[in-house]
Amino acid sequence: MANVLIVDDEASTIFTLKKILEKGNHSVTAVFDANSAIERVKQFKYDVLVTDFSMPDMNGIELTEKVLSLEPDMIVILVTAYDSIKNVVEAMRKGAYDYMTKPINAEELLLSIARGLEKVNLMNENLLLRQELEKKKESIEYDTSSEQVKALVQEARKIAETDSSVLITGANGTGKEVLAKFIHKNSKRHDKQFVVLNCAAIPSLLLESELFGHVKGAFTGAVKDHKGYFEIANNGTIFLDEIGELDPLLQIKLLRVIQEKEFSRVGDTKILKTDVRIIAATNRDLNQAIKEGKFREDLYYRLNVFEFRLPSLVERPEDILYYFEKFVKQFAEMHQKGDLKIDNDVKIALQKYSWPGNIRELKNVAERVTVLADRGVITTDLLPNSILNTAENNITDINDYNECKNKVIRQFEIDFITKHLKIHNGNVAATAKAINFHPVSLRQKIAKLGINPHKFKINN
């Protein structure tokens, strides 16, 4: 349905047009002169203008020019009793979408409006897509403070310009997909599709269909033809995560795609062509998988034209605080927390932890402490027990006796007071009485240790 403005100095024409348009489920407003039409356009957003060509105060071409200066996206259809090629050319030159002669054919008018709306919608969609692509072009950096990773990223930037296959290895959570996106965004395919598929997350039969598509009747439940990712991502990039889990039969089919750039849908013999760059990733040792007969050696070498091994966080400790501070800032903005200060003991604890989940785990911890922080400071009591326990276990690594003793005492105070605050539902006075501590002194101690008693209240 569209909002349509009719302009004609003849009441009979307005009546006819109004009847046609309302029957087509459009909302119609009618005026008898061009100046009234201009005033209406200034007051309301119309999708379509249907205007007579010959009017006393202003002709249809002049009205078209004035209206489109106010609403460039408006669809203008001129109506006249005279079929003049000169008028048609001039109207189109001024921006009119279509031109009709009287008597008006109802189907022709409704079809013209439908096509005009479709064209405008398509133009708007293309504009949004271009804007989105421009945003993506702006953000094509890979953040790191590690010199080791910076060197890797520089190499990745160079090979991004080629069409060579890439294999990215590394433990879970090290940022393999982020690096794959970085390569895609820095390639000549950056404005095309970037498709992500986890080979371990989908059963083999379904994965084959997702990759190559299927035709109607290929298997139970295949009720219509289905395009696979190698069709959808044509001229773009496909990222195959957990490639080490790929079924042996699919390994053969993938090898054919890489070598011949062709494939067939499941249940079909028709050969389809594709031009897709493949970036694969795995946390497995593919050389060991080859020895065990679980991964094809020829596929490994086809994928491994360039290999990038992303080091774990433990191997690049300088990135721990770098990423943590970055994530805290992001989550603080998201949750409107303002600028959060990170306590020095928190930084020490983070650096002592082994981070088995790597960057993904670090990001989760950053979100947790940011959400829990309500005094403008991130303190150790907000950290998960796994990190705190590691920090406690490593406390004797400190060589200075007094520093070590002070840290042990501080941790004891945090654990002891936290335990009793939980028992007494965050009530400081009740906790002070239970542990034989003066309430004022306890409040001072809690503030010094950065403990938030309110978070232990059941109702909060």
# chains A, B, ... in the order shown; residues from 1 in each chain; ligands from 1
$ residues_around --residues "stretch 150-155 of chain A" --least-positions-apart "6" --cutoff "8 Å" --atoms "only C-alpha atoms" --output "count of residues only"
3
$ residues_around --residues "stretch 37-39 of chain A" --least-positions-apart "3" --cutoff "10 Å" --atoms "only C-alpha atoms" --output "tab-separated table (two decimals) with N, CA and C atoms, in the first residue's frame"
chain	number	residue	atom	x	y	z
A	5	LEU	N	-0.88	10.95	-3.88
A	5	LEU	CA	-1.44	12.29	-4.01
A	5	LEU	C	-1.87	12.49	-5.47
A	6	ILE	N	-3.17	12.82	-5.67
A	6	ILE	CA	-3.69	13.07	-7.02
A	6	ILE	C	-3.85	14.58	-7.22
A	7	VAL	N	-3.41	15.07	-8.39
A	7	VAL	CA	-3.58	16.49	-8.72
A	7	VAL	C	-4.25	16.59	-10.09
A	8	ASP	N	-5.44	17.18	-10.13
A	8	ASP	CA	-6.14	17.38	-11.40
A	8	ASP	C	-7.21	18.45	-11.18
A	29	THR	N	-5.08	10.93	-1.43
A	29	THR	CA	-5.42	12.33	-1.14
A	29	THR	C	-5.54	13.04	-2.48
A	30	ALA	N	-6.55	13.90	-2.64
A	30	ALA	CA	-6.75	14.59	-3.92
A	30	ALA	C	-6.80	16.10	-3.72
A	31	VAL	N	-6.17	16.85	-4.65
A	31	VAL	CA	-6.25	18.32	-4.67
A	31	VAL	C	-6.50	18.76	-6.12
A	32	PHE	N	-6.96	20.02	-6.29
A	32	PHE	CA	-7.38	20.47	-7.61
A	32	PHE	C	-6.37	21.39	-8.30
A	33	ASP	N	-5.25	21.72	-7.64
A	33	ASP	CA	-4.27	22.59	-8.30
A	33	ASP	C	-2.85	22.28	-7.82
A	34	ALA	N	-1.87	22.71	-8.59
A	34	ALA	CA	-0.46	22.39	-8.33
A	34	ALA	C	0.06	22.99	-7.04
A	42	LYS	N	4.84	19.32	1.32
A	42	LYS	CA	5.65	19.89	2.41
A	42	LYS	C	5.19	19.41	3.78
A	43	GLN	N	3.89	19.04	3.87
A	43	GLN	CA	3.31	18.66	5.16
A	43	GLN	C	3.30	17.15	5.41
A	44	PHE	N	3.36	16.36	4.33
A	44	PHE	CA	3.17	14.91	4.48
A	44	PHE	C	4.07	14.16	3.50
A	49	LEU	N	2.94	10.52	-6.75
A	49	LEU	CA	2.17	11.68	-7.22
A	49	LEU	C	1.62	11.34	-8.61
A	51	THR	N	-0.37	13.21	-11.47
A	51	THR	CA	-0.74	14.59	-11.79
A	51	THR	C	-1.14	14.77	-13.24
A	63	LEU	N	5.42	21.02	-12.12
A	63	LEU	CA	5.08	20.47	-10.81
A	63	LEU	C	6.00	19.31	-10.45
A	64	THR	N	6.30	18.46	-11.43
A	64	THR	CA	7.22	17.33	-11.21
A	64	THR	C	8.56	17.83	-10.69
A	66	LYS	N	9.33	20.67	-9.17
A	66	LYS	CA	9.24	21.27	-7.84
A	66	LYS	C	9.05	20.19	-6.76
A	67	VAL	N	8.20	19.22	-7.03
A	67	VAL	CA	7.91	18.16	-6.05
A	67	VAL	C	9.15	17.30	-5.80
A	70	LEU	N	11.64	18.58	-3.46
A	70	LEU	CA	11.26	18.40	-2.04
A	70	LEU	C	11.38	16.94	-1.61
$ closest_atom_pairs --of "stretch 224-249 of chain A" --to "stretch 168-190 of chain A" --cutoff "9 Å" --atoms "only C-alpha atoms" --output "Markdown table"
| residue | atom | partner | partner_atom | distance |
| --- | --- | --- | --- | --- |
| A:Asn235 | CA | A:Arg189 | CA | 6.7 |
| A:Gly236 | CA | A:Arg189 | CA | 5.4 |
| A:Thr237 | CA | A:His184 | CA | 6.6 |
| A:Phe239 | CA | A:Ala180 | CA | 7.0 |
| A:Asp241 | CA | A:Glu177 | CA | 7.7 |
$ select_by_dssp --residues "stretch 42-290 of chain A" --states "alpha helix (DSSP H)" --output "number ranges by chain"
A: 42-43, 60-70, 85-93, 106-138, 147-160, 176-185, 204-212, 229-232, 248-260, 286-290
$ closest_atom_pairs --of "stretch 111-210 of chain A" --to "stretch 254-269 of chain A" --cutoff "12 Å" --atoms "only C-alpha atoms" --output "tab-separated table"
residue	atom	partner	partner_atom	distance
A:Asp163	CA	A:Ile258	CA	11.3
A:Ser164	CA	A:Ile258	CA	10.2
A:Ser165	CA	A:Ile258	CA	8.6
A:Val166	CA	A:Ile258	CA	11.8
A:Leu205	CA	A:Val266	CA	9.4
A:Leu206	CA	A:Val266	CA	10.1
A:Leu207	CA	A:Val266	CA	10.8
A:Glu208	CA	A:Val266	CA	7.4
A:Ser209	CA	A:Val266	CA	6.3
A:Glu210	CA	A:Arg265	CA	9.7
$ write_last_selection --atoms "N, CA and C atoms" --output "PDB file, in the first residue's frame"
ATOM      1  N   ASP A 163      44.269 -14.858  -4.416  1.00  0.00           N
ATOM      2  CA  ASP A 163      43.114 -15.753  -4.295  1.00  0.00           C
ATOM      3  C   ASP A 163      43.514 -17.087  -3.672  1.00  0.00           C
ATOM      4  N   SER A 164      44.728 -17.152  -3.122  1.00  0.00           N
ATOM      5  CA  SER A 164      45.239 -18.410  -2.580  1.00  0.00           C
ATOM      6  C   SER A 164      44.440 -18.877  -1.369  1.00  0.00           C
ATOM      7  N   SER A 165      44.346 -20.211  -1.232  1.00  0.00           N
ATOM      8  CA  SER A 165      43.704 -20.796  -0.055  1.00  0.00           C
ATOM      9  C   SER A 165      44.566 -20.543   1.172  1.00  0.00           C
ATOM     10  N   VAL A 166      43.900 -20.459   2.328  1.00  0.00           N
ATOM     11  CA  VAL A 166      44.601 -20.162   3.578  1.00  0.00           C
ATOM     12  C   VAL A 166      44.146 -21.140   4.646  1.00  0.00           C
ATOM     13  N   LEU A 205      25.494 -35.477   6.243  1.00  0.00           N
ATOM     14  CA  LEU A 205      24.525 -35.372   5.153  1.00  0.00           C
ATOM     15  C   LEU A 205      24.023 -33.945   5.005  1.00  0.00           C
ATOM     16  N   LEU A 206      23.717 -33.317   6.126  1.00  0.00           N
ATOM     17  CA  LEU A 206      23.251 -31.932   6.085  1.00  0.00           C
ATOM     18  C   LEU A 206      24.365 -30.980   5.667  1.00  0.00           C
ATOM     19  N   LEU A 207      25.577 -31.291   6.099  1.00  0.00           N
ATOM     20  CA  LEU A 207      26.712 -30.426   5.752  1.00  0.00           C
ATOM     21  C   LEU A 207      26.960 -30.454   4.246  1.00  0.00           C
ATOM     22  N   GLU A 208      26.821 -31.628   3.635  1.00  0.00           N
ATOM     23  CA  GLU A 208      26.991 -31.728   2.181  1.00  0.00           C
ATOM     24  C   GLU A 208      25.967 -30.848   1.470  1.00  0.00           C
ATOM     25  N   SER A 209      24.729 -30.881   1.953  1.00  0.00           N
ATOM     26  CA  SER A 209      23.672 -30.052   1.373  1.00  0.00           C
ATOM     27  C   SER A 209      23.952 -28.569   1.593  1.00  0.00           C
ATOM     28  N   GLU A 210      24.449 -28.206   2.796  1.00  0.00           N
ATOM     29  CA  GLU A 210      24.753 -26.810   3.088  1.00  0.00           C
ATOM     30  C   GLU A 210      25.883 -26.297   2.188  1.00  0.00           C
TER      31      GLU A 210
END
$ atom_distance --atom1 "atom CA of A:Ala434" --atom2 "atom CA of A:Lys422"
12.3 Å
$ closest_residue --among "A:Ala218, A:Pro103, A:Glu231, A:Glu297" --to "A:Ile252" --atoms "only C-alpha atoms"
A:Glu297
